[in-house]
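All remarks here apply to the structure that follows.
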Amino acid sequence: MAGVITASEPSWIAPFTGLSPRCFGKLVTVLRREGADAVRKGRPWSLPLEDRALLVAAYWRTNLTMRQIAPLFGVSKSAADRIIDHLGPMLALQPRKRFAKDTVLIVDGTLVPARDHTTAARSKNCRYPTSHQVVIDADTRLVIVVGRPLAGNRDDCKASEESGAEAAVGTTMTIADGGYPGTGLVLPHRRRKGEEPPDPKQTRIKSHKQAPARAAHVFARMKTWKILRDCRLNGDGVHHTMLGIALMHNLALAG
């Protein structure tokens with residue numbers, strides 16, 4: 001069965017991955033570094049590494065079912081499922097361990113609807129989402145850390161610690177919104193009774209107003225990969241998907 005989509009034709013890459021051919025080449029390099037193209041026992045892969053990487057990215061980008069995406073690459077449904085399970089964890093974003101002294105980070109949470117109810121939990125919108133704490137660089141808007149997924153009804157204050165995001169940033173200056181009291185993060189100023197309102201032109205006040213918008217822009221860009229709107233993967237699949245999309249978001253943003 002011949003496939004329709006192939007990475008050998010550059011015109012297929014941008015619509016199905018959101019990456020330029022140059023950035024897609026960097027993605028394939030990451031996979032080779034992780035040993036995705038190493039010779040292994042058993043039947044060899046029916047697709048070259050470039051096409052397998054394109055299949056995973058296209059699955060995340062379009063959120064098609066296995067029955068729909070497999071014929072596009074000329075493989076069976078079970079083969080497409082194995083490719084995604086094999087390459088998905090290899091595309092995981094590696095958290096940064098060292099930060100410059102003047103680095104400023106922003107942390108915020110986002111919800112990803114999931115079909116696996118062992119991880120998700122019913123929230124106010126009557127769906128079953130998972131909660132993900134995401135740390136971004138305030139200047140570059142690159143994703144630095146993605147915490148482990150938690151139940152969607154968990155508040156951000158507890159989720160930042162339980163997901164591991166708080167420990168990953170250490171003592172680096174991190175800005176958050178008012179939903180993180182008592183966490184030691186830099187929170188927006190709250191005027192007390194009888195206190196004069198702060199000067200809106202102050203740098204700190206201005207940066208706090210911009211922080212939620214910067215995080216929202218990052219989430220909006222990441223959710224152009226439609227699997228983050230309704231994830232059908234079970235177990236660690238939603239976490240690996242979130243980390244992989246964070247990596248592709250960084251590649252697309254850095255060019």
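Chain lettering (A, B, ...) mirrors the order of the structure tokens, residue numbering begins at 1 for each chain separately, and ligand numbering begins at 1 in order of display.
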
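Non-sequential neighbours of region 116-133 of chain A (distance at most 6 Å, separation of 4 or more positions within a chain, only C-alpha atoms) are A:Asp108, A:Gly109, A:Thr110, A:Leu111, A:Val112, A:Val146, A:Gly147, A:Pro149, A:Leu150, A:Ala151, A:Gly152, A:Asn153, A:Asn234.
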
Just want the 12 Å neighbourhood of region 70-87 of chain A, counted on only C-alpha atoms, with same-chain residues fewer than 4 positions away dropped. Output as an MDAnalysis selection string. chainID A and resid 1:7 12 16 27:28 30:32 34:37 43:60 64:66 91:92 233:238 240:241 244

Emit the selected residues as a tab-separated table (two decimals), in the first residue's frame, including C-alpha atoms.
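Done, and the output landed in part.tsv:
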chain	number	residue	atom	x	y	z
A	1	MET	CA	0.00	0.00	0.00
A	2	ALA	CA	1.58	3.23	-1.18
A	3	GLY	CA	1.45	6.28	1.02
A	4	VAL	CA	0.29	9.73	0.02
A	5	ILE	CA	2.31	11.86	2.45
A	6	THR	CA	6.09	11.63	2.54
A	7	ALA	CA	8.86	13.76	4.01
A	12	TRP	CA	3.92	18.16	2.94
A	16	PHE	CA	1.16	18.61	8.69
A	27	LEU	CA	13.59	17.39	14.76
A	28	VAL	CA	14.90	14.37	12.84
A	30	VAL	CA	17.02	15.00	17.74
A	31	LEU	CA	15.53	11.58	17.03
A	32	ARG	CA	18.78	10.25	15.58
A	34	GLU	CA	18.17	9.54	20.82
A	35	GLY	CA	18.84	6.37	18.82
A	36	ALA	CA	15.57	6.23	16.89
A	37	ASP	CA	17.35	5.05	13.73
A	43	ARG	CA	11.16	-6.73	11.51
A	44	PRO	CA	12.58	-3.39	10.31
A	45	TRP	CA	10.40	-0.31	10.10
A	46	SER	CA	8.47	-0.03	6.86
A	47	LEU	CA	9.06	3.75	6.76
A	48	PRO	CA	12.32	5.71	6.92
A	49	LEU	CA	12.93	7.82	10.02
A	50	GLU	CA	11.92	11.05	8.28
A	51	ASP	CA	8.51	9.64	7.34
A	52	ARG	CA	8.02	8.19	10.82
A	53	ALA	CA	8.77	11.57	12.37
A	54	LEU	CA	6.34	13.18	9.94
A	55	LEU	CA	3.67	10.62	10.90
A	56	VAL	CA	4.02	11.43	14.62
A	57	ALA	CA	3.99	15.19	14.01
A	58	ALA	CA	1.00	14.90	11.65
A	59	TYR	CA	-0.89	12.82	14.21
A	60	TRP	CA	-0.31	15.45	16.90
A	64	LEU	CA	-6.76	12.11	13.21
A	65	THR	CA	-7.51	8.58	14.37
A	66	MET	CA	-5.09	5.74	13.59
A	91	LEU	CA	10.70	13.78	21.25
A	92	ALA	CA	10.25	14.81	24.88
A	233	LEU	CA	-3.82	8.54	24.37
A	234	ASN	CA	-3.70	6.54	27.59
A	235	GLY	CA	-1.14	6.38	30.39
A	236	ASP	CA	1.91	8.57	29.84
A	237	GLY	CA	0.79	9.37	26.30
A	238	VAL	CA	-0.60	12.81	27.17
A	240	HIS	CA	4.87	12.59	26.18
A	241	THR	CA	2.66	14.46	23.73
A	244	GLY	CA	6.99	16.66	22.28

Taking the backbone alone, and naming residues the way the document does, which bits of region 83-127 of chain A are strand (DSSP E) by DSSP, as a list in words? Leu105, Ile106, Val107, Asp108, Gly109, Thr110, Leu111, Val112 and Pro113 of chain A

Which of region 5-236 of chain A counts as alpha helix (DSSP H) under DSSP, as a ChimeraX atom specification please? /A:13-17,21-33,49-62,66-73,77-87,156-162,165-169,203-222

Once you have the residues from the selection above, write them out as an mmCIF file, in the first residue's frame, restricted to C-alpha atoms.
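After the write, part37.cif holds the following:
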data_model
loop_
_atom_site.group_PDB
_atom_site.id
_atom_site.type_symbol
_atom_site.label_atom_id
_atom_site.label_comp_id
_atom_site.auth_asym_id
_atom_site.auth_seq_id
_atom_site.Cartn_x
_atom_site.Cartn_y
_atom_site.Cartn_z
ATOM 1 C CA ILE A 13 6.003 19.159 5.952
ATOM 2 C CA ALA A 14 4.664 22.602 6.913
ATOM 3 C CA PRO A 15 0.894 21.813 6.658
ATOM 4 C CA PHE A 16 1.163 18.609 8.694
ATOM 5 C CA THR A 17 3.754 19.609 11.286
ATOM 6 C CA PRO A 21 11.635 21.938 6.393
ATOM 7 C CA ARG A 22 14.734 23.310 8.164
ATOM 8 C CA CYS A 23 13.147 22.940 11.630
ATOM 9 C CA PHE A 24 11.834 19.514 10.683
ATOM 10 C CA GLY A 25 15.396 18.520 9.859
ATOM 11 C CA LYS A 26 16.407 19.550 13.389
ATOM 12 C CA LEU A 27 13.590 17.395 14.757
ATOM 13 C CA VAL A 28 14.895 14.367 12.844
ATOM 14 C CA THR A 29 18.396 15.120 14.179
ATOM 15 C CA VAL A 30 17.024 14.997 17.740
ATOM 16 C CA LEU A 31 15.530 11.580 17.035
ATOM 17 C CA ARG A 32 18.780 10.251 15.583
ATOM 18 C CA ARG A 33 20.631 11.503 18.654
ATOM 19 C CA LEU A 49 12.935 7.822 10.015
ATOM 20 C CA GLU A 50 11.915 11.053 8.278
ATOM 21 C CA ASP A 51 8.512 9.643 7.342
ATOM 22 C CA ARG A 52 8.021 8.186 10.816
ATOM 23 C CA ALA A 53 8.772 11.570 12.366
ATOM 24 C CA LEU A 54 6.336 13.177 9.942
ATOM 25 C CA LEU A 55 3.667 10.625 10.898
ATOM 26 C CA VAL A 56 4.018 11.433 14.616
ATOM 27 C CA ALA A 57 3.985 15.190 14.013
ATOM 28 C CA ALA A 58 1.001 14.903 11.655
ATOM 29 C CA TYR A 59 -0.895 12.821 14.215
ATOM 30 C CA TRP A 60 -0.309 15.447 16.898
ATOM 31 C CA ARG A 61 -1.072 18.282 14.491
ATOM 32 C CA THR A 62 -4.339 16.939 13.059
ATOM 33 C CA MET A 66 -5.088 5.740 13.589
ATOM 34 C CA ARG A 67 -7.564 4.399 11.047
ATOM 35 C CA GLN A 68 -7.480 7.751 9.257
ATOM 36 C CA ILE A 69 -3.783 8.612 9.393
ATOM 37 C CA ALA A 70 -2.311 5.174 8.633
ATOM 38 C CA PRO A 71 -3.439 5.051 4.945
ATOM 39 C CA LEU A 72 -1.947 8.504 4.368
ATOM 40 C CA PHE A 73 1.502 7.013 5.029
ATOM 41 C CA LYS A 77 -3.227 0.994 11.801
ATOM 42 C CA SER A 78 -1.181 -1.106 14.212
ATOM 43 C CA ALA A 79 2.096 -0.007 12.566
ATOM 44 C CA ALA A 80 1.126 3.659 12.939
ATOM 45 C CA ASP A 81 0.316 3.031 16.592
ATOM 46 C CA ARG A 82 3.729 1.394 17.176
ATOM 47 C CA ILE A 83 5.537 4.272 15.469
ATOM 48 C CA ILE A 84 3.838 6.836 17.700
ATOM 49 C CA ASP A 85 4.528 4.818 20.848
ATOM 50 C CA HIS A 86 8.187 4.425 19.847
ATOM 51 C CA LEU A 87 9.034 7.974 18.738
ATOM 52 C CA ASP A 156 -2.435 25.809 40.349
ATOM 53 C CA CYS A 157 -1.027 26.523 43.806
ATOM 54 C CA LYS A 158 -0.694 22.808 44.644
ATOM 55 C CA ALA A 159 -0.086 21.678 41.085
ATOM 56 C CA SER A 160 3.112 23.708 40.722
ATOM 57 C CA GLU A 161 4.695 21.693 43.529
ATOM 58 C CA GLU A 162 3.173 18.283 42.846
ATOM 59 C CA ALA A 165 7.623 22.435 37.943
ATOM 60 C CA GLU A 166 8.496 24.340 41.116
ATOM 61 C CA ALA A 167 11.506 22.148 41.862
ATOM 62 C CA ALA A 168 12.725 22.371 38.240
ATOM 63 C CA VAL A 169 13.103 26.175 38.306
ATOM 64 C CA THR A 203 8.434 48.110 35.481
ATOM 65 C CA ARG A 204 7.332 45.425 37.930
ATOM 66 C CA ILE A 205 3.642 46.283 37.563
ATOM 67 C CA LYS A 206 3.927 46.347 33.790
ATOM 68 C CA SER A 207 5.740 43.000 33.641
ATOM 69 C CA HIS A 208 3.061 41.350 35.796
ATOM 70 C CA LYS A 209 0.353 42.546 33.444
ATOM 71 C CA GLN A 210 2.229 41.156 30.449
ATOM 72 C CA ALA A 211 3.066 37.785 32.031
ATOM 73 C CA PRO A 212 -0.402 36.146 31.733
ATOM 74 C CA ALA A 213 -0.670 37.307 28.135
ATOM 75 C CA ARG A 214 2.715 35.838 27.229
ATOM 76 C CA ALA A 215 1.761 32.498 28.772
ATOM 77 C CA ALA A 216 -1.614 32.551 26.993
ATOM 78 C CA HIS A 217 0.119 33.188 23.658
ATOM 79 C CA VAL A 218 2.369 30.183 24.225
ATOM 80 C CA PHE A 219 -0.608 27.948 25.073
ATOM 81 C CA ALA A 220 -2.460 29.178 21.994
ATOM 82 C CA ARG A 221 0.503 28.346 19.761
ATOM 83 C CA MET A 222 0.929 24.908 21.337
#
